[in-house]
$ cat entry_30.cif   # mmCIF, C-alpha atoms
data_run
loop_
_atom_site.label_atom_id
_atom_site.label_comp_id
_atom_site.auth_asym_id
_atom_site.auth_seq_id
_atom_site.Cartn_x
_atom_site.Cartn_y
_atom_site.Cartn_z
CA MET A 239 115.53 135.94 119.45
CA TYR A 240 112.63 133.60 118.74
CA GLU A 241 109.01 133.66 119.77
CA GLY A 242 107.54 131.64 122.59
CA GLN A 243 104.70 129.21 122.00
CA LEU A 244 101.09 129.51 123.08
CA PHE A 245 99.67 126.36 124.70
CA VAL A 246 95.89 126.49 124.96
CA VAL A 247 94.64 124.05 127.60
CA SER A 248 90.96 123.61 127.09
CA GLY A 249 88.17 121.23 127.98
CA PRO A 250 84.77 120.92 129.57
CA SER A 251 84.01 122.22 133.04
CA GLY A 252 85.15 119.55 135.52
CA ALA A 253 87.78 117.96 133.27
CA GLY A 254 90.46 119.41 135.53
CA LYS A 255 92.12 121.98 133.28
CA GLY A 256 92.51 124.48 136.14
CA THR A 257 94.35 122.05 138.43
CA ILE A 258 96.50 120.86 135.52
CA CYS A 259 97.53 124.42 134.63
CA ARG A 260 98.42 125.27 138.23
CA MET A 261 100.65 122.19 138.39
CA LEU A 262 102.24 123.02 135.03
CA ILE A 263 103.29 126.55 136.00
CA ASP A 264 104.96 125.07 139.10
CA GLN A 265 106.88 122.49 137.07
CA VAL A 266 107.62 124.11 133.71
CA LYS A 267 109.05 127.49 132.66
CA VAL A 268 105.83 128.91 131.29
CA SER A 269 103.67 131.96 132.01
CA LEU A 270 99.97 131.64 132.73
CA SER A 271 97.73 134.08 130.91
CA VAL A 272 95.35 135.72 133.40
CA SER A 273 91.86 136.59 132.12
CA MET A 274 89.86 139.72 132.82
CA THR A 275 86.34 139.53 134.18
CA THR A 276 83.54 141.78 135.35
CA ARG A 277 82.22 139.27 137.86
CA THR A 278 82.62 139.73 141.62
CA PRO A 279 85.64 137.93 143.12
CA ARG A 280 84.78 134.75 145.03
CA ALA A 281 86.18 134.25 148.52
CA GLY A 282 89.93 133.74 148.32
CA GLU A 283 90.30 134.89 144.70
CA ILE A 284 93.17 137.29 144.15
CA ASN A 285 93.14 140.14 141.60
CA GLY A 286 95.87 139.59 138.97
CA GLU A 287 96.25 135.94 139.91
CA ASN A 288 92.89 134.22 139.40
CA TYR A 289 91.52 137.05 137.26
CA TYR A 290 91.88 140.75 136.71
CA PHE A 291 88.63 142.01 138.19
CA ILE A 292 87.59 145.09 136.22
CA THR A 293 84.46 147.18 135.74
CA ARG A 294 81.96 146.63 132.96
CA LYS A 295 82.84 150.03 131.54
CA LYS A 296 86.57 149.26 131.40
CA PHE A 297 85.84 145.85 129.85
CA GLU A 298 83.69 147.33 127.12
CA SER A 299 86.33 149.93 126.25
CA ILE A 300 88.88 147.10 125.80
CA VAL A 301 86.39 145.26 123.57
CA GLU A 302 85.96 148.50 121.60
CA SER A 303 89.72 148.79 120.99
CA GLU A 304 89.95 145.09 119.97
CA GLY A 305 92.12 144.40 123.00
CA PHE A 306 90.90 140.83 123.59
CA LEU A 307 92.08 137.62 121.92
CA GLU A 308 88.58 136.39 122.77
CA TYR A 309 85.83 137.37 125.16
CA ALA A 310 82.40 136.11 126.11
CA GLU A 311 79.45 137.01 128.27
CA VAL A 312 78.45 134.15 130.58
CA TYR A 313 75.46 134.47 132.93
CA GLY A 314 75.64 138.26 132.71
CA ASN A 315 79.40 138.54 133.35
CA TYR A 316 82.14 139.26 130.84
CA TYR A 317 85.29 137.16 130.60
CA GLY A 318 88.17 137.95 128.24
CA THR A 319 91.78 137.12 127.36
CA PRO A 320 93.85 140.31 127.06
CA LYS A 321 95.62 140.23 123.69
CA GLN A 322 98.66 142.46 124.20
CA THR A 323 99.91 140.75 127.38
CA VAL A 324 99.95 137.37 125.66
CA LEU A 325 101.55 138.64 122.45
CA ASP A 326 104.24 140.56 124.41
CA LEU A 327 105.22 137.46 126.40
CA LEU A 328 105.42 135.36 123.22
CA LYS A 329 107.52 138.04 121.53
CA GLU A 330 109.94 138.01 124.47
CA GLY A 331 110.40 134.27 123.82
CA GLU A 332 108.29 133.12 126.77
CA ASP A 333 105.88 130.21 126.47
CA VAL A 334 102.37 131.07 127.56
CA ILE A 335 99.72 128.73 128.87
CA LEU A 336 96.07 129.66 128.58
CA GLU A 337 93.25 127.84 130.36
CA ILE A 338 89.93 128.28 128.62
CA ASP A 339 86.63 126.65 127.75
CA ILE A 340 85.94 125.16 124.31
CA GLN A 341 84.15 128.17 122.81
CA GLY A 342 86.97 130.47 123.90
CA ALA A 343 89.64 128.14 122.52
CA LEU A 344 87.93 128.06 119.13
CA LYS A 345 87.91 131.87 119.01
CA ILE A 346 91.59 131.98 119.96
CA LYS A 347 92.36 129.51 117.20
CA GLU A 348 90.89 131.95 114.68
CA GLN A 349 93.10 134.76 116.00
CA TYR A 350 96.21 132.72 116.68
CA PRO A 351 96.24 129.46 114.67
CA GLU A 352 99.95 128.93 115.49
CA GLY A 353 98.88 128.05 119.05
CA ILE A 354 99.04 124.47 120.29
CA PHE A 355 95.56 123.33 121.26
CA ILE A 356 95.19 120.65 123.93
CA TYR A 357 91.79 119.16 124.82
CA ILE A 358 91.49 117.79 128.36
CA LEU A 359 88.98 114.95 128.57
CA PRO A 360 87.42 113.35 131.63
CA PRO A 361 87.89 109.55 131.80
CA SER A 362 84.09 109.06 131.79
CA MET A 363 80.83 110.96 132.13
CA GLY A 364 80.28 109.31 135.52
CA GLU A 365 83.61 110.68 136.77
CA LEU A 366 82.80 114.13 135.33
CA ARG A 367 79.50 114.17 137.23
CA LYS A 368 81.32 113.15 140.43
CA ARG A 369 83.84 115.98 140.04
CA LEU A 370 81.19 118.59 139.32
CA THR A 371 79.14 117.37 142.29
CA ARG A 372 82.18 117.39 144.61
CA ARG A 373 82.71 121.09 143.89
CA GLY A 374 79.40 121.76 145.57
CA SER A 375 79.03 125.09 143.75
CA GLU A 376 76.45 124.01 141.19
CA THR A 377 72.91 122.64 141.41
CA GLU A 378 72.01 119.29 139.88
CA ASP A 379 70.26 121.09 137.02
CA VAL A 380 73.42 123.03 136.20
CA ILE A 381 75.49 119.85 136.40
CA ASN A 382 73.11 118.06 134.00
CA GLN A 383 73.37 121.06 131.69
CA ARG A 384 77.21 120.96 131.85
CA ILE A 385 77.27 117.27 130.99
CA LYS A 386 74.96 117.81 128.04
CA GLU A 387 77.24 120.63 126.83
CA THR A 388 80.27 118.35 127.19
CA LEU A 389 78.71 115.80 124.85
CA THR A 390 78.11 118.54 122.28
CA GLU A 391 81.52 120.13 122.73
CA VAL A 392 83.57 116.96 122.25
CA SER A 393 82.60 117.16 118.60
CA TYR A 394 85.03 120.11 118.30
CA ILE A 395 87.98 117.90 119.24
CA ASP A 396 89.02 117.77 115.56
CA LYS A 397 90.09 121.40 115.84
CA TYR A 398 92.66 120.48 118.48
CA ASP A 399 96.21 119.21 118.11
CA TYR A 400 96.29 116.98 121.17
CA CYS A 401 93.92 115.35 123.61
CA VAL A 402 94.80 114.22 127.10
CA VAL A 403 92.51 112.11 129.28
CA ASN A 404 92.68 113.36 132.85
CA GLY A 405 92.12 110.13 134.75
CA GLU A 406 95.22 110.22 136.92
CA LEU A 407 96.26 113.85 137.43
CA ASN A 408 100.05 113.36 137.53
CA GLU A 409 99.95 111.28 134.37
CA ALA A 410 97.96 113.98 132.56
CA VAL A 411 100.47 116.65 133.67
CA THR A 412 103.39 114.46 132.55
CA ARG A 413 101.76 114.07 129.13
CA ILE A 414 101.33 117.81 128.70
CA LYS A 415 104.94 118.37 129.75
CA ALA A 416 105.95 115.88 127.03
CA ILE A 417 103.82 117.80 124.52
CA ILE A 418 105.61 121.04 125.48
CA THR A 419 109.04 119.37 125.12
CA ALA A 420 108.06 117.86 121.78
CA GLU A 421 106.79 121.18 120.46
CA HIS A 422 110.14 122.72 121.41
CA SER A 423 111.74 120.13 119.11
CA ARG A 424 109.66 121.11 116.08
CA VAL A 425 111.68 122.05 113.02
CA SER A 426 111.61 125.83 113.45
CA HIS A 427 113.60 129.04 112.98
CA ASP A 428 116.06 128.04 115.71
CA VAL A 429 117.46 125.17 113.70
CA TYR A 430 118.42 127.42 110.80
CA GLU A 431 120.57 129.40 113.21
CA LEU A 432 122.41 126.18 114.10
CA ILE A 433 122.79 125.30 110.42
CA ASP A 434 124.26 128.75 109.77
CA LYS A 435 126.79 128.05 112.52
CA TYR A 436 127.74 124.75 110.83
CA ARG A 437 128.48 126.70 107.64
CA GLU A 438 130.55 129.33 109.47
CA GLU A 439 132.69 126.54 110.91
CA MET A 440 133.72 125.36 107.45
CA MET B 254 92.39 97.96 117.52
CA TYR B 255 94.41 100.91 116.27
CA GLU B 256 97.60 101.18 114.30
CA GLY B 257 101.01 101.79 115.78
CA GLN B 258 103.10 104.75 114.72
CA LEU B 259 106.27 104.76 112.64
CA PHE B 260 109.07 106.91 114.08
CA VAL B 261 111.82 107.53 111.55
CA VAL B 262 115.05 108.52 113.29
CA SER B 263 117.35 109.98 110.70
CA GLY B 264 120.42 112.16 110.44
CA PRO B 265 123.94 112.39 109.09
CA SER B 266 126.56 109.73 109.75
CA GLY B 267 128.08 110.47 113.16
CA ALA B 268 125.07 112.34 114.57
CA GLY B 269 124.48 109.39 116.89
CA LYS B 270 121.19 108.00 115.57
CA GLY B 271 122.32 104.38 116.11
CA THR B 272 123.19 104.87 119.79
CA ILE B 273 119.97 106.83 120.34
CA CYS B 274 117.83 104.07 118.80
CA ARG B 275 119.52 101.36 120.88
CA MET B 276 118.79 103.36 124.04
CA LEU B 277 115.19 103.98 122.95
CA ILE B 278 114.33 100.32 122.43
CA ASP B 279 115.65 99.62 125.95
CA GLN B 280 113.53 102.36 127.50
CA VAL B 281 110.33 102.52 125.42
CA LYS B 282 107.86 99.90 124.18
CA VAL B 283 108.80 100.10 120.52
CA SER B 284 110.10 97.67 117.87
CA LEU B 285 113.21 98.41 115.87
CA SER B 286 112.94 97.78 112.15
CA VAL B 287 115.92 95.71 110.99
CA SER B 288 117.24 96.41 107.49
CA MET B 289 118.39 93.91 104.90
CA THR B 290 121.80 94.18 103.29
CA THR B 291 124.01 92.32 100.85
CA ARG B 292 127.22 93.49 102.49
CA THR B 293 129.44 91.14 104.52
CA PRO B 294 128.80 91.20 108.30
CA ARG B 295 131.43 93.10 110.28
CA ALA B 296 133.01 91.47 113.34
CA GLY B 297 130.38 91.16 116.08
CA GLU B 298 127.39 91.91 113.86
CA ILE B 299 124.49 89.53 114.35
CA ASN B 300 122.11 88.43 111.60
CA GLY B 301 118.55 89.60 112.35
CA GLU B 302 119.76 92.08 114.93
CA ASN B 303 122.09 94.53 113.17
CA TYR B 304 120.92 93.54 109.71
CA TYR B 305 119.44 90.65 107.83
CA PHE B 306 122.42 89.58 105.73
CA ILE B 307 121.07 88.23 102.44
CA THR B 308 122.41 87.44 98.99
CA ARG B 309 122.34 89.85 96.08
CA LYS B 310 119.98 87.51 94.24
CA LYS B 311 117.50 87.39 97.11
CA PHE B 312 117.70 91.18 97.52
CA GLU B 313 116.97 91.79 93.86
CA SER B 314 113.97 89.47 93.93
CA ILE B 315 112.53 91.47 96.86
CA VAL B 316 113.13 94.68 94.89
CA GLU B 317 111.33 93.05 91.95
CA SER B 318 108.25 92.29 94.08
CA GLU B 319 108.24 95.84 95.55
CA GLY B 320 108.98 94.41 98.96
CA PHE B 321 111.04 97.37 100.23
CA LEU B 322 109.81 100.61 101.78
CA GLU B 323 113.08 102.00 100.43
CA TYR B 324 116.40 100.61 99.29
CA ALA B 325 119.70 101.97 98.04
CA GLU B 326 123.03 100.81 96.69
CA VAL B 327 125.96 102.25 98.65
CA TYR B 328 129.57 101.47 97.66
CA GLY B 329 128.40 98.40 95.78
CA ASN B 330 126.21 96.99 98.54
CA TYR B 331 122.43 97.02 98.78
CA TYR B 332 120.57 98.18 101.88
CA GLY B 333 116.79 98.06 102.23
CA THR B 334 113.90 98.37 104.67
CA PRO B 335 111.53 95.39 104.35
CA LYS B 336 108.01 96.74 103.85
CA GLN B 337 105.77 93.93 105.09
CA THR B 338 107.50 93.48 108.46
CA VAL B 339 107.05 97.16 109.28
CA LEU B 340 103.45 97.35 108.07
CA ASP B 341 102.52 94.16 109.98
CA LEU B 342 103.91 95.54 113.25
CA LEU B 343 102.06 98.83 112.79
CA LYS B 344 98.85 96.97 112.03
CA GLU B 345 99.22 94.97 115.24
CA GLY B 346 99.30 98.31 117.08
CA GLU B 347 103.04 98.29 117.75
CA ASP B 348 105.14 101.42 117.38
CA VAL B 349 108.12 100.94 115.09
CA ILE B 350 111.38 102.84 115.14
CA LEU B 351 113.47 103.03 112.01
CA GLU B 352 117.05 104.29 111.91
CA ILE B 353 118.02 105.55 108.48
CA ASP B 354 120.07 108.11 106.55
CA ILE B 355 118.53 111.22 105.01
CA GLN B 356 118.05 109.85 101.49
CA GLY B 357 116.32 106.76 102.87
CA ALA B 358 114.07 108.79 105.14
CA LEU B 359 112.92 110.93 102.22
CA LYS B 360 112.01 107.81 100.23
CA ILE B 361 110.09 106.42 103.22
CA LYS B 362 108.22 109.69 103.54
CA GLU B 363 106.95 109.23 99.97
CA GLN B 364 105.69 105.73 100.79
CA TYR B 365 104.48 106.41 104.32
CA PRO B 366 103.81 110.11 104.90
CA GLU B 367 101.95 109.33 108.17
CA GLY B 368 105.33 108.51 109.73
CA ILE B 369 106.89 110.84 112.27
CA PHE B 370 110.22 112.09 110.96
CA ILE B 371 112.92 113.09 113.43
CA TYR B 372 116.20 114.65 112.30
CA ILE B 373 119.17 114.10 114.64
CA LEU B 374 121.69 116.94 114.43
CA PRO B 375 125.25 117.09 115.76
CA PRO B 376 125.92 120.07 118.07
CA SER B 377 128.63 121.34 115.70
CA MET B 378 130.67 120.31 112.67
CA GLY B 379 133.76 120.12 114.92
CA GLU B 380 132.02 117.61 117.17
CA LEU B 381 130.80 115.62 114.13
CA ARG B 382 134.37 115.39 112.85
CA LYS B 383 135.56 114.22 116.29
CA ARG B 384 132.91 111.49 116.41
CA LEU B 385 133.65 110.26 112.90
CA THR B 386 137.39 110.26 113.65
CA ARG B 387 136.89 108.43 116.97
CA ARG B 388 135.19 105.56 115.11
CA GLY B 389 138.49 104.90 113.36
CA SER B 390 136.74 103.10 110.52
CA GLU B 391 136.99 105.87 107.93
CA THR B 392 139.90 107.68 106.27
CA GLU B 393 140.22 111.45 106.52
CA ASP B 394 139.05 111.78 102.92
CA VAL B 395 135.86 109.85 103.68
CA ILE B 396 135.29 111.95 106.82
CA ASN B 397 135.68 115.17 104.81
CA GLN B 398 133.23 113.77 102.29
CA ARG B 399 130.72 112.90 105.06
CA ILE B 400 130.93 116.41 106.49
CA LYS B 401 130.35 117.95 103.07
CA GLU B 402 127.31 115.67 102.61
CA THR B 403 125.99 116.72 106.01
CA LEU B 404 126.02 120.38 104.99
CA THR B 405 124.03 119.51 101.86
CA GLU B 406 121.64 117.19 103.65
CA VAL B 407 120.63 119.62 106.38
CA SER B 408 118.71 121.51 103.70
CA TYR B 409 116.16 118.64 103.75
CA ILE B 410 115.28 119.36 107.38
CA ASP B 411 112.07 121.08 106.24
CA LYS B 412 110.69 117.68 105.30
CA TYR B 413 110.96 116.53 108.91
CA ASP B 414 108.53 116.98 111.81
CA TYR B 415 111.08 117.30 114.58
CA CYS B 416 114.78 117.97 115.04
CA VAL B 417 116.83 116.96 118.04
CA VAL B 418 120.39 118.15 118.66
CA ASN B 419 122.45 115.29 120.03
CA GLY B 420 124.89 117.16 122.25
CA GLU B 421 124.21 115.33 125.49
CA LEU B 422 123.02 111.79 124.66
CA ASN B 423 120.59 111.31 127.57
CA GLU B 424 118.96 114.65 126.89
CA ALA B 425 118.46 113.73 123.23
CA VAL B 426 116.89 110.39 124.19
CA THR B 427 114.61 112.13 126.72
CA ARG B 428 113.47 114.52 124.00
CA ILE B 429 112.63 111.71 121.61
CA LYS B 430 110.73 109.90 124.37
CA ALA B 431 108.73 113.11 124.88
CA ILE B 432 108.03 113.23 121.13
CA ILE B 433 106.73 109.65 121.25
CA THR B 434 104.50 110.45 124.26
CA ALA B 435 103.21 113.62 122.58
CA GLU B 436 102.42 111.77 119.35
CA HIS B 437 100.44 109.24 121.40
CA SER B 438 98.33 112.20 122.59
CA ARG B 439 97.45 113.35 119.07
CA VAL B 440 93.75 113.65 118.38
CA SER B 441 93.23 110.29 116.66
CA HIS B 442 90.84 107.39 116.19
CA ASP B 443 91.26 106.31 119.82
CA VAL B 444 89.55 109.40 121.16
CA TYR B 445 86.39 108.74 119.17
CA GLU B 446 86.12 105.40 120.92
CA LEU B 447 86.19 107.22 124.27
CA ILE B 448 83.58 109.72 123.04
CA ASP B 449 81.35 106.83 121.98
CA LYS B 450 81.69 105.46 125.51
CA TYR B 451 80.59 108.84 126.93
CA ARG B 452 77.46 108.65 124.80
CA GLU B 453 76.72 105.07 125.85
CA GLU B 454 76.85 106.20 129.48
CA MET B 455 73.99 108.65 128.98
#
$ encode --input "entry_30.cif" --output "structure tokens"
Amino acid sequence: MYEGQLFVVSGPSGAGKGTICRMLIDQVKVSLSVSMTTRTPRAGEINGENYYFITRKKFESIVESEGFLEYAEVYGNYYGTPKQTVLDLLKEGEDVILEIDIQGALKIKEQYPEGIFIYILPPSMGELRKRLTRRGSETEDVINQRIKETLTEVSYIDKYDYCVVNGELNEAVTRIKAIITAEHSRVSHDVYELIDKYREEM
Amino acid sequence: MYEGQLFVVSGPSGAGKGTICRMLIDQVKVSLSVSMTTRTPRAGEINGENYYFITRKKFESIVESEGFLEYAEVYGNYYGTPKQTVLDLLKEGEDVILEIDIQGALKIKEQYPEGIFIYILPPSMGELRKRLTRRGSETEDVINQRIKETLTEVSYIDKYDYCVVNGELNEAVTRIKAIITAEHSRVSHDVYELIDKYREEM
């Protein structure tokens, strides 16, 4: 029984990593890691699907017991990736997909360097601005701030294994599916099992 | 202008690497590297397509001038991969596919470690024997010898990046196509060009 693989899909806000991950879990046999947060659910958000919505006290006790692969405080709210859930799925041989911002991905890389790190890029800064504006949830100041952050954060791309430009959504998803298939073809434990079988045949 | 990638498709005799490569060049934008040999063409073999058929004298002069990425003498005939042709294609940004046995692949890895090395495996030794027998070109002694070699050569699989079991041909080809797509998504020079464009936009 061999371990599953952890695919970390990361990128700046507005690059489209959320949409890409939702499409992937519909098309590929892979589990999505659900984060925990202390922030209030937005309209339509479902507990256990978008996030696990937990109290600040509960969150801090999980931090205390080193129960997060990574966590961060953003604008006064905590966000974290529960460690045991992810490790259990991998141990059961399931692939796990994890959608996360750049800072979070870098922390996960420290804890789990065997992961496969994919950076989603917008086709241009103009397109990124359009996407962030279309959301309608952020002010122009916040959008300008996000774009500035993006320009800083692309410098971390060296830490990643793959980068995928999300210009045309279906093409980006197809590329990530190819990356998953390719990673399944890596020379790994599984092949030694086959080689043992060759020997038994003789 | 960025370099193409060298995909080395390798495996034991009878694993099906030849058929796989022929299907790949029909389905993917990639050039097949054609080897040089001093052996006599078999019925139906075309010069410049299956091999470049050259004289022993010519071959040895190319060896002399270090013009091969690798070469070997097998049953009294020389076989070699012309270096300049491959390097020129890569420099022009073309991907090159190279079909070669294990020993040859290992020599190419020494000369061109940036290559992507794919090991094609038969689904079982029984199936390998069937395929070698079906060819009808080898005696049972030679087939037994080939199978023994295969069991030795699988120990070199650690030197490879990927392994693909050729049980169902179309599935194997699909996997290699995914590997090619994934390798095109590696964090590479190209992405820095895009990042420069982001900066110019600001």
$ interface_residues --input "entry_30.cif" --of "chain B" --to "chain A" --cutoff "10 Å" --atoms "all atoms listed in the file" --output "number ranges by chain"
B: 371-372, 374-379, 400-401, 403-404, 407-408, 410-418, 427-441, 444-445, 447-455
$ resolve_selection --input "entry_30.cif" --expression "the PyMOL selection byres ((chain B and resi 262) around 8)" --output "list in words"
Phe260, Val261, Ser263, Gly264, Lys270, Cys274, Ile350, Leu351, Glu352, Ile353, Phe370, Ile371, Tyr372 and Ile373 of chain B
$ resolve_selection --input "entry_30.cif" --expression "the PyMOL selection byres ((chain B and resi 305) around 8)" --output "ChimeraX atom specification"
/B:287-290,300-304,306-307
$ write_last_selection --input "entry_30.cif" --atoms "C-alpha atoms" --output "tab-separated table (two decimals), in the frame of the given file"
chain	number	residue	atom	x	y	z
B	287	VAL	CA	115.92	95.71	110.99
B	288	SER	CA	117.24	96.41	107.49
B	289	MET	CA	118.39	93.91	104.90
B	290	THR	CA	121.80	94.18	103.29
B	300	ASN	CA	122.11	88.43	111.60
B	301	GLY	CA	118.55	89.60	112.35
B	302	GLU	CA	119.76	92.08	114.93
B	303	ASN	CA	122.09	94.53	113.17
B	304	TYR	CA	120.92	93.54	109.71
B	306	PHE	CA	122.42	89.58	105.73
B	307	ILE	CA	121.07	88.23	102.44
$ resolve_selection --input "entry_30.cif" --expression "the PyMOL selection byres ((chain A and resi 309-320) around 7)" --output "MDAnalysis selection string"
chainID A and resid 273:277 305:308 321:324
$ atom_distance --input "entry_30.cif" --atom1 "atom CA of Leu359 of chain B" --atom2 "atom CA of Gly269 of chain B"
18.7 Å
$ closest_residue --input "entry_30.cif" --among "B:Ile355, B:Ile299, B:Ile273, B:Leu343" --to "Glu367 of chain B" --atoms "only C-alpha atoms"
B:Leu343
$ closest_residue --input "entry_30.cif" --among "A:Lys295, A:Glu406, A:Glu241, A:Val334" --to "Leu262 of chain A" --atoms "all atoms listed in the file"
A:Val334
$ closest_residue --input "entry_30.cif" --among "A:Gly331, A:Ile300, A:Gln341, A:Asn408" --to "Gln265 of chain A" --atoms "only C-alpha atoms"
A:Asn408
$ closest_residue --input "entry_30.cif" --among "A:Glu431, A:Thr371, A:Glu376, A:Glu332" --to "Val266 of chain A" --atoms "only C-alpha atoms"
A:Glu332
$ residues_near_point --input "entry_30.cif" --point "(85.1, 121.1, 137.0)" --cutoff "10 Å" --atoms "all atoms listed in the file" --output "JSON, numbers by chain"
{"A": [249, 250, 251, 252, 253, 254, 255, 256, 257, 360, 366, 367, 368, 369, 370, 371, 372, 373, 375, 381, 384]}
$ atom_distance --input "entry_30.cif" --atom1 "atom CA of Val268 of chain A" --atom2 "atom CA of Leu327 of chain A"
9.9 Å
$ atom_distance --input "entry_30.cif" --atom1 "atom CA of Lys362 of chain B" --atom2 "atom CA of Leu259 of chain B"
10.5 Å
$ axis_aligned_box --input "entry_30.cif" --around "segment 321-334 of chain B" --padding-each-side "8 Å" --output "JSON"
{"center_x": 119.7, "center_y": 99.6, "center_z": 100.2, "size_x": 35.8, "size_y": 21.3, "size_z": 24.9}
$ build_atoms --input "entry_30.cif" --residues "segment 404-419 of chain A" --atoms "N, CA, C and O atoms" --output "mmCIF file, in the frame of the given file"
data_model
loop_
_atom_site.group_PDB
_atom_site.id
_atom_site.type_symbol
_atom_site.label_atom_id
_atom_site.label_comp_id
_atom_site.auth_asym_id
_atom_site.auth_seq_id
_atom_site.Cartn_x
_atom_site.Cartn_y
_atom_site.Cartn_z
ATOM 1 N N ASN A 404 92.276 113.105 131.473
ATOM 2 C CA ASN A 404 92.680 113.360 132.850
ATOM 3 C C ASN A 404 92.007 112.365 133.782
ATOM 4 O O ASN A 404 91.015 112.656 134.433
ATOM 5 N N GLY A 405 92.573 111.140 133.801
ATOM 6 C CA GLY A 405 92.120 110.130 134.750
ATOM 7 C C GLY A 405 92.975 110.270 135.995
ATOM 8 O O GLY A 405 92.509 110.632 137.063
ATOM 9 N N GLU A 406 94.273 110.037 135.822
ATOM 10 C CA GLU A 406 95.220 110.220 136.920
ATOM 11 C C GLU A 406 95.935 111.546 136.658
ATOM 12 O O GLU A 406 96.615 111.710 135.649
ATOM 13 N N LEU A 407 95.787 112.468 137.618
ATOM 14 C CA LEU A 407 96.260 113.850 137.430
ATOM 15 C C LEU A 407 97.735 113.956 137.045
ATOM 16 O O LEU A 407 98.096 114.654 136.084
ATOM 17 N N ASN A 408 98.611 113.253 137.800
ATOM 18 C CA ASN A 408 100.050 113.360 137.530
ATOM 19 C C ASN A 408 100.397 112.854 136.131
ATOM 20 O O ASN A 408 101.285 113.385 135.471
ATOM 21 N N GLU A 409 99.689 111.819 135.704
ATOM 22 C CA GLU A 409 99.950 111.280 134.370
ATOM 23 C C GLU A 409 99.554 112.300 133.298
ATOM 24 O O GLU A 409 100.262 112.490 132.313
ATOM 25 N N ALA A 410 98.420 112.973 133.526
ATOM 26 C CA ALA A 410 97.960 113.980 132.560
ATOM 27 C C ALA A 410 98.979 115.120 132.480
ATOM 28 O O ALA A 410 99.329 115.577 131.384
ATOM 29 N N VAL A 411 99.489 115.553 133.645
ATOM 30 C CA VAL A 411 100.470 116.650 133.670
ATOM 31 C C VAL A 411 101.750 116.209 132.953
ATOM 32 O O VAL A 411 102.322 116.968 132.156
ATOM 33 N N THR A 412 102.194 114.985 133.211
ATOM 34 C CA THR A 412 103.390 114.460 132.550
ATOM 35 C C THR A 412 103.218 114.469 131.036
ATOM 36 O O THR A 412 104.128 114.819 130.281
ATOM 37 N N ARG A 413 102.037 114.082 130.575
ATOM 38 C CA ARG A 413 101.760 114.070 129.130
ATOM 39 C C ARG A 413 101.861 115.471 128.534
ATOM 40 O O ARG A 413 102.425 115.672 127.467
ATOM 41 N N ILE A 414 101.297 116.432 129.241
ATOM 42 C CA ILE A 414 101.330 117.810 128.700
ATOM 43 C C ILE A 414 102.759 118.331 128.717
ATOM 44 O O ILE A 414 103.184 119.024 127.793
ATOM 45 N N LYS A 415 103.535 117.963 129.738
ATOM 46 C CA LYS A 415 104.940 118.370 129.750
ATOM 47 C C LYS A 415 105.676 117.763 128.552
ATOM 48 O O LYS A 415 106.521 118.424 127.931
ATOM 49 N N ALA A 416 105.343 116.520 128.213
ATOM 50 C CA ALA A 416 105.950 115.880 127.030
ATOM 51 C C ALA A 416 105.547 116.623 125.759
ATOM 52 O O ALA A 416 106.364 116.826 124.852
ATOM 53 N N ILE A 417 104.293 117.054 125.696
ATOM 54 C CA ILE A 417 103.820 117.800 124.520
ATOM 55 C C ILE A 417 104.614 119.104 124.392
ATOM 56 O O ILE A 417 105.054 119.467 123.290
ATOM 57 N N ILE A 418 104.848 119.785 125.514
ATOM 58 C CA ILE A 418 105.610 121.040 125.480
ATOM 59 C C ILE A 418 107.042 120.766 124.998
ATOM 60 O O ILE A 418 107.546 121.453 124.108
ATOM 61 N N THR A 419 107.677 119.729 125.547
ATOM 62 C CA THR A 419 109.040 119.370 125.120
ATOM 63 C C THR A 419 109.069 119.029 123.634
ATOM 64 O O THR A 419 109.955 119.469 122.895
#
